[in-house]
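Colleague: Let me give you the structure first, and then I'll get to my questions.
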Amino acid sequence: KTEHYKRNIPDFSVDKVIVGGQYDELMQRKIRRFKFAHNYVDRVYFESLFLTATKEYPPQWDIIVYPPISIIDWIIRGPNHTQHLAEYFARMYPRELLCPFKKKAFTGHQSRRTKKERSQIRREYTFNKKYKSLIKDKRIIFIDDLITTGYTAHSLWRLLKKAGAKEVVGYFLASEKV
């Protein structure tokens, strides 16, 4: 997966992309149930995907991070589901867990954007400078549910690298077919 995103985003700053599975119908149902209905019944399934992914790239990190959601997303669908995924991961592999990013308050949902619109997503995120000393020279694991075009992950990885992260590896539950 890493090479695919490097071909599509020339300055892709990720060190490695690890994906648990394909975004097929089953995965779509599980993620939608988790994301929008807040049904955590699939927690064991998600944890098993993370465990499988760690066999490919064994845990060697200092901090676990996850992407923020906008205020509008919080109003529409409630708590940040990626925070819950990162908490699952942190229970399996205890490390410091944080979200060092901020997202602009009223941004549109990514699934409704074109690839060109997604390429501009970096403008929607900022890095909270109070975390810079925690990130500097650390190996970071970035947790998210789905990677499609790679632009969100790329934008957040760039912020982490700029803050001095030594290595940034992304663990995702699924990716669209590439």
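Within each chain, counting starts at residue 1; across the structure tokens, chains are named A, B, ... in the order shown, with ligands numbered 1 upward in that order.
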Please report, as a PyMOL selection string, each residue of chain A to which DSSP assigns alpha helix (DSSP H) when run on this structure's backbone.

Modeller: chain A and resi 2-8+25-36+43-56+71-77+81-92+115-118+132-135+151-162

Colleague: Report as a VMD selection string: the residues of range 15-157 of chain A with a DSSP assignment of strand (DSSP E or B), based on the backbone of this structure.

Modeller: chain A and resid 16 to 22 63 to 65 96 to 98 101 to 103 125 to 127 139 to 147

Colleague: So which residues touch range 90-106 of chain A within 7 Å, counting only C-alpha atoms, skipping near sequence neighbours fewer than 2 positions away, as a VMD selection string?

Modeller: chain A and resid 62 to 72 86 to 88 108 124 to 128 131

Colleague: One decimal, Å: what's the distance from CA of Tyr5 in chain A over to CA of Gly150 in chain A, could you say?

Modeller: 6.4 Å

Colleague: Find the spatial neighbours of Pro10 in chain A, counting only C-alpha atoms, within a cut-off of 12 Å - ignore same-chain residues fewer than 4 positions away - and output them as a PyMOL selection string.

Modeller: chain A and resi 2-6+14+119+150-151+154

Colleague: Create the file for the chosen residues now, containing all heavy atoms and written as a compact mmCIF listing (two decimals), in the first residue's frame.

Modeller:
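The result, stored in out.txt:
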```
# COMPACT_ATOMS: atom_id res chain seq x y z
N THR A 2 1.97 1.24 0.69
CA THR A 2 2.81 2.43 0.79
C THR A 2 3.20 2.93 -0.60
O THR A 2 3.08 4.12 -0.89
CB THR A 2 4.08 2.12 1.61
OG1 THR A 2 3.69 1.49 2.83
CG2 THR A 2 4.86 3.38 1.91
N GLU A 3 3.64 2.03 -1.46
CA GLU A 3 4.07 2.43 -2.81
C GLU A 3 2.92 3.00 -3.63
O GLU A 3 3.11 3.92 -4.41
CB GLU A 3 4.72 1.25 -3.53
CG GLU A 3 6.06 0.85 -2.93
CD GLU A 3 7.02 2.03 -2.80
OE1 GLU A 3 7.20 2.80 -3.78
OE2 GLU A 3 7.59 2.18 -1.71
N HIS A 4 1.71 2.45 -3.45
CA HIS A 4 0.54 2.97 -4.17
C HIS A 4 0.34 4.45 -3.85
O HIS A 4 0.16 5.27 -4.74
CB HIS A 4 -0.71 2.18 -3.81
CG HIS A 4 -1.98 2.86 -4.24
ND1 HIS A 4 -2.40 2.85 -5.55
CD2 HIS A 4 -2.89 3.59 -3.56
CE1 HIS A 4 -3.52 3.54 -5.65
NE2 HIS A 4 -3.83 4.00 -4.46
N TYR A 5 0.36 4.80 -2.57
CA TYR A 5 0.12 6.19 -2.19
C TYR A 5 1.27 7.09 -2.60
O TYR A 5 1.06 8.25 -2.94
CB TYR A 5 -0.19 6.28 -0.69
CG TYR A 5 -1.51 5.60 -0.40
CD1 TYR A 5 -1.55 4.38 0.25
CD2 TYR A 5 -2.71 6.14 -0.83
CE1 TYR A 5 -2.75 3.71 0.47
CE2 TYR A 5 -3.91 5.51 -0.62
CZ TYR A 5 -3.92 4.29 0.03
OH TYR A 5 -5.12 3.65 0.22
N LYS A 6 2.48 6.57 -2.61
CA LYS A 6 3.62 7.37 -3.05
C LYS A 6 3.53 7.67 -4.55
O LYS A 6 3.99 8.69 -5.01
CB LYS A 6 4.94 6.68 -2.71
CG LYS A 6 5.27 6.78 -1.25
CD LYS A 6 6.62 6.20 -0.92
CE LYS A 6 6.90 6.41 0.56
NZ LYS A 6 8.25 6.00 0.92
N VAL A 14 4.58 9.46 4.40
CA VAL A 14 4.45 8.33 5.31
C VAL A 14 5.65 7.41 5.18
O VAL A 14 6.22 7.26 4.11
CB VAL A 14 3.16 7.55 5.03
CG1 VAL A 14 3.17 6.94 3.65
CG2 VAL A 14 2.94 6.47 6.06
N SER A 119 -7.35 16.68 -2.27
CA SER A 119 -5.92 17.04 -2.30
C SER A 119 -5.65 18.36 -1.57
O SER A 119 -4.52 18.63 -1.20
CB SER A 119 -5.41 17.10 -3.74
OG SER A 119 -5.92 18.25 -4.39
N GLY A 150 -5.61 8.87 0.53
CA GLY A 150 -4.38 9.06 1.29
C GLY A 150 -4.11 10.51 1.67
O GLY A 150 -3.16 10.79 2.39
N TYR A 151 -4.93 11.45 1.20
CA TYR A 151 -4.64 12.86 1.44
C TYR A 151 -4.78 13.27 2.90
O TYR A 151 -3.99 14.07 3.40
CB TYR A 151 -5.52 13.76 0.56
CG TYR A 151 -5.05 13.77 -0.86
CD1 TYR A 151 -5.79 13.17 -1.87
CD2 TYR A 151 -3.84 14.39 -1.21
CE1 TYR A 151 -5.34 13.18 -3.18
CE2 TYR A 151 -3.40 14.39 -2.52
CZ TYR A 151 -4.14 13.79 -3.49
OH TYR A 151 -3.70 13.79 -4.78
N HIS A 154 -1.78 11.82 4.67
CA HIS A 154 -0.59 12.55 4.21
C HIS A 154 -0.50 13.92 4.89
O HIS A 154 0.57 14.31 5.36
CB HIS A 154 -0.66 12.71 2.69
CG HIS A 154 0.38 13.62 2.13
ND1 HIS A 154 1.73 13.36 2.23
CD2 HIS A 154 0.26 14.80 1.49
CE1 HIS A 154 2.41 14.34 1.63
NE2 HIS A 154 1.54 15.22 1.20
```
